[in-house]
Amino acid sequence: MATLEEIKKAKDAYREVILAMPNVIGVGAGYKVVSGQKTEHLSIIALVKEKIPASTLPSSGRVPSRIDDVLTDVVEVGELRALQDHRARWRPSPAGVSIGHYQITAGTFGCVVRDRKSGAILILSNNHVLANCNDAKEGDAILQPGPSDGGKNPQDMLAVLTRFIPLHYVGDQPEQPPTSCLTQVGIAFAQFFGMNKWLTSLQTPPSPVTNKVDAAVAKPLEDSNLLADILEIGPITSSTTPSLGLSVRKSGRTTALTTGEITVVDSTVTIGYPGNRTARFDNQFLTTPMSEGGDSGSLLVSAAALQAVGLLFAGSDKTTVFSPIQAVLDALEVTL
């Protein structure tokens, strides 16, 4: 049985040959694994992005089972990338990193969008990230990184709040539909004759106030301070409709790059907000758990293509909640 020193010596001697093989991105020493079980045999380890059946490779591209009587093994490690700090200060700034209104903690820069009328470049995120849950005003400072990640105003000011979709909380006074002239006559008639039961049937109960999106946009101080890419994902080229079972990914301030699957669509959910407030949302969709606090504002992207699917705004340790991206874009009158 070869010793670790013998393995290292053989590995160093054939390192460049192994690294030149297709799909190989690294080489080292370790225990050989057979049928998923680690053995006691030390071997040269060829690290590959993806294991490919040997039958599909030319003989020159196959790692031999032994090199100079030393065992070899092939281990799939995926694409290795530098771990980038989503909470750091970025200039220019990609999407997927820490951002926030100067009076909040921090959320996530979703992606770059354009105003449909002016063509201006804007930053997309949530109302509760950029507009402090309705408590902000146009022109307020947006910091990158967000305040809880060390962002200071005005030193780290990246943009100013442009507009947001107001959040409607449970208990807010709903708008009452206008009463027709015929209904008004009926109500007066019922009141005069004491027909309270019939009067009750005429008066439609108020509908609860609901929301479609938690969204806002901010205008960068300088367009050159933004990158079109989402950190660890890349540039978004288009959008797609959320569908059950769709494999998805997101890049966020707290949990960085995570993957998941859409599990529920067309849902009505009640979300908790600061100050013991709650808000009801219609037509949302849910995924497997993909986020933690601070990931709000992340753009959800298809796992198979650079297509936007939704905007993250809520979640728990059991699920993550998104608004369909088209509803967000239409509400804010912007395009990807």
# chains A, B, ... in the order shown; residues from 1 in each chain; ligands from 1
>>> select_by_dssp(residues="region 112-174 of chain A", states="strand (DSSP E)", output="JSON, numbers by chain")
{"A": [112, 113, 114, 115, 121, 122, 123, 124, 125, 141, 142, 143, 157, 158, 159, 160, 161, 162, 163, 164]}
>>> write_last_selection(atoms="C-alpha atoms", output="JSON list (two decimals), in the first residue's frame")
[["chain", "number", "residue", "atom", "x", "y", "z"],
["A", 112, "VAL", "CA", -30.74, 46.66, -12.51],
["A", 113, "VAL", "CA", -33.93, 47.79, -14.29],
["A", 114, "ARG", "CA", -34.90, 50.65, -16.62],
["A", 115, "ASP", "CA", -37.71, 53.16, -16.31],
["A", 121, "ILE", "CA", -31.20, 52.98, -15.00],
["A", 122, "LEU", "CA", -32.63, 52.07, -11.58],
["A", 123, "ILE", "CA", -31.95, 49.69, -8.68],
["A", 124, "LEU", "CA", -34.73, 47.19, -7.87],
["A", 125, "SER", "CA", -35.42, 45.92, -4.36],
["A", 141, "ALA", "CA", -30.24, 58.17, 0.71],
["A", 142, "ILE", "CA", -29.74, 54.52, -0.25],
["A", 143, "LEU", "CA", -26.51, 53.06, 1.11],
["A", 157, "MET", "CA", -24.50, 56.61, -0.59],
["A", 158, "LEU", "CA", -25.04, 54.71, -3.85],
["A", 159, "ALA", "CA", -28.46, 56.00, -4.91],
["A", 160, "VAL", "CA", -31.58, 57.94, -3.93],
["A", 161, "LEU", "CA", -35.07, 56.57, -3.50],
["A", 162, "THR", "CA", -37.13, 57.17, -6.65],
["A", 163, "ARG", "CA", -40.52, 55.54, -5.99],
["A", 164, "PHE", "CA", -42.13, 52.65, -4.18]]
>>> residues_around(residues="Val248 (chain A)", least_positions_apart="3", cutoff="7 Å", atoms="only C-alpha atoms", output="CSV table (one decimal) with C-alpha atoms, in the first residue's frame")
chain,number,residue,atom,x,y,z
A,259,THR,CA,-30.9,27.0,-4.9
A,260,GLY,CA,-34.4,25.7,-4.5
A,261,GLU,CA,-37.7,24.7,-6.2
A,300,LEU,CA,-35.1,34.8,-8.1
A,301,VAL,CA,-33.6,33.3,-11.3
A,302,SER,CA,-34.3,30.1,-13.2
A,303,ALA,CA,-31.6,27.5,-12.5
>>> closest_residue(among="A:Ser118, A:Gln307, A:Ser251, A:Thr270", to="Ser239 (chain A)", atoms="only C-alpha atoms")
A:Gln307
>>> residues_around(residues="region 27-29 of chain A", least_positions_apart="5", cutoff="10 Å", atoms="only C-alpha atoms", output="list in words")
Leu4, Glu5, Ile7, Lys8, Ala10, Lys11, Asp12, Tyr14, Arg15, Glu16, Ile18, Leu19, Leu42, Ser43, Ile44, Ile45, Ala46, Leu47, Val48, Thr72, Asp73, Val74 and Val75 of chain A
>>> write_last_selection(atoms="N, CA and C atoms", output="JSON list (two decimals), in the first residue's frame")
[["chain", "number", "residue", "atom", "x", "y", "z"],
["A", 4, "LEU", "N", 1.56, 8.21, 1.95],
["A", 4, "LEU", "CA", 1.17, 9.55, 1.53],
["A", 4, "LEU", "C", 2.32, 10.25, 0.80],
["A", 5, "GLU", "N", 3.54, 10.04, 1.24],
["A", 5, "GLU", "CA", 4.68, 10.65, 0.57],
["A", 5, "GLU", "C", 4.84, 10.13, -0.86],
["A", 7, "ILE", "N", 2.39, 8.98, -2.71],
["A", 7, "ILE", "CA", 1.27, 9.55, -3.47],
["A", 7, "ILE", "C", 1.62, 10.98, -3.90],
["A", 8, "LYS", "N", 2.15, 11.77, -2.97],
["A", 8, "LYS", "CA", 2.51, 13.15, -3.29],
["A", 8, "LYS", "C", 3.57, 13.21, -4.38],
["A", 10, "ALA", "N", 4.22, 10.99, -6.78],
["A", 10, "ALA", "CA", 3.64, 10.63, -8.07],
["A", 10, "ALA", "C", 2.72, 11.74, -8.58],
["A", 11, "LYS", "N", 1.97, 12.34, -7.66],
["A", 11, "LYS", "CA", 1.06, 13.44, -8.04],
["A", 11, "LYS", "C", 1.85, 14.61, -8.63],
["A", 12, "ASP", "N", 2.95, 14.98, -7.98],
["A", 12, "ASP", "CA", 3.76, 16.10, -8.47],
["A", 12, "ASP", "C", 4.38, 15.79, -9.83],
["A", 14, "TYR", "N", 3.15, 13.89, -12.22],
["A", 14, "TYR", "CA", 2.17, 13.83, -13.31],
["A", 14, "TYR", "C", 1.11, 14.93, -13.22],
["A", 15, "ARG", "N", 1.35, 15.93, -12.37],
["A", 15, "ARG", "CA", 0.36, 16.98, -12.15],
["A", 15, "ARG", "C", -0.08, 17.67, -13.44],
["A", 16, "GLU", "N", 0.88, 18.12, -14.24],
["A", 16, "GLU", "CA", 0.52, 18.87, -15.45],
["A", 16, "GLU", "C", -0.20, 18.00, -16.46],
["A", 18, "ILE", "N", -2.22, 15.48, -15.77],
["A", 18, "ILE", "CA", -3.59, 15.30, -15.28],
["A", 18, "ILE", "C", -4.40, 16.59, -15.46],
["A", 19, "LEU", "N", -3.80, 17.72, -15.13],
["A", 19, "LEU", "CA", -4.51, 19.00, -15.24],
["A", 19, "LEU", "C", -4.86, 19.35, -16.68],
["A", 42, "LEU", "N", -4.82, 5.11, -0.11],
["A", 42, "LEU", "CA", -4.49, 6.46, -0.56],
["A", 42, "LEU", "C", -4.33, 6.47, -2.08],
["A", 43, "SER", "N", -4.70, 7.61, -2.69],
["A", 43, "SER", "CA", -4.65, 7.69, -4.15],
["A", 43, "SER", "C", -4.43, 9.12, -4.62],
["A", 44, "ILE", "N", -4.06, 9.25, -5.88],
["A", 44, "ILE", "CA", -4.03, 10.55, -6.53],
["A", 44, "ILE", "C", -5.48, 10.91, -6.87],
["A", 45, "ILE", "N", -5.93, 12.09, -6.47],
["A", 45, "ILE", "CA", -7.31, 12.52, -6.71],
["A", 45, "ILE", "C", -7.35, 13.54, -7.85],
["A", 46, "ALA", "N", -8.05, 13.20, -8.92],
["A", 46, "ALA", "CA", -8.31, 14.15, -10.00],
["A", 46, "ALA", "C", -9.64, 14.84, -9.71],
["A", 47, "LEU", "N", -9.64, 16.16, -9.56],
["A", 47, "LEU", "CA", -10.84, 16.93, -9.25],
["A", 47, "LEU", "C", -11.45, 17.41, -10.56],
["A", 48, "VAL", "N", -12.73, 17.08, -10.79],
["A", 48, "VAL", "CA", -13.39, 17.45, -12.04],
["A", 48, "VAL", "C", -14.64, 18.27, -11.76],
["A", 72, "THR", "N", -5.54, 5.88, -8.47],
["A", 72, "THR", "CA", -6.12, 7.19, -8.74],
["A", 72, "THR", "C", -7.61, 7.16, -8.44],
["A", 73, "ASP", "N", -8.20, 8.32, -8.32],
["A", 73, "ASP", "CA", -9.64, 8.44, -8.14],
["A", 73, "ASP", "C", -10.08, 9.74, -8.80],
["A", 74, "VAL", "N", -11.34, 9.81, -9.19],
["A", 74, "VAL", "CA", -11.91, 11.02, -9.79],
["A", 74, "VAL", "C", -13.03, 11.51, -8.88],
["A", 75, "VAL", "N", -12.95, 12.76, -8.46],
["A", 75, "VAL", "CA", -13.93, 13.34, -7.53],
["A", 75, "VAL", "C", -14.57, 14.57, -8.17]]
>>> atom_distance(atom1="CA of Val265 (chain A)", atom2="CA of Phe281 (chain A)")
12.4 Å
>>> atom_distance(atom1="CA of Ala256 (chain A)", atom2="CA of His86 (chain A)")
6.6 Å
>>> residues_around(residues="region 318-323 of chain A", least_positions_apart="5", cutoff="7 Å", atoms="only C-alpha atoms", output="PyMOL selection string")
chain A and resi 213+284-291+310-313+328
>>> residues_around(residues="Ile52 (chain A)", least_positions_apart="4", cutoff="9 Å", atoms="only C-alpha atoms", output="compact mmCIF listing (two decimals) with N, CA and C atoms, in the first residue's frame")
# COMPACT_ATOMS: atom_id res chain seq x y z
N ASN A 23 -12.05 18.71 -18.44
CA ASN A 23 -12.93 18.70 -17.28
C ASN A 23 -12.19 18.67 -15.95
N THR A 56 -17.60 8.06 -23.00
CA THR A 56 -17.79 9.24 -23.86
C THR A 56 -16.51 10.05 -24.03
N LEU A 57 -15.45 9.65 -23.34
CA LEU A 57 -14.19 10.39 -23.42
C LEU A 57 -13.18 9.63 -24.28
>>> closest_residue(among="A:Val77, A:Ile230, A:Ile99, A:Ala120", to="Lys49 (chain A)", atoms="only C-alpha atoms")
A:Val77
>>> atom_distance(atom1="CA of Asp85 (chain A)", atom2="CA of Leu257 (chain A)")
11.2 Å
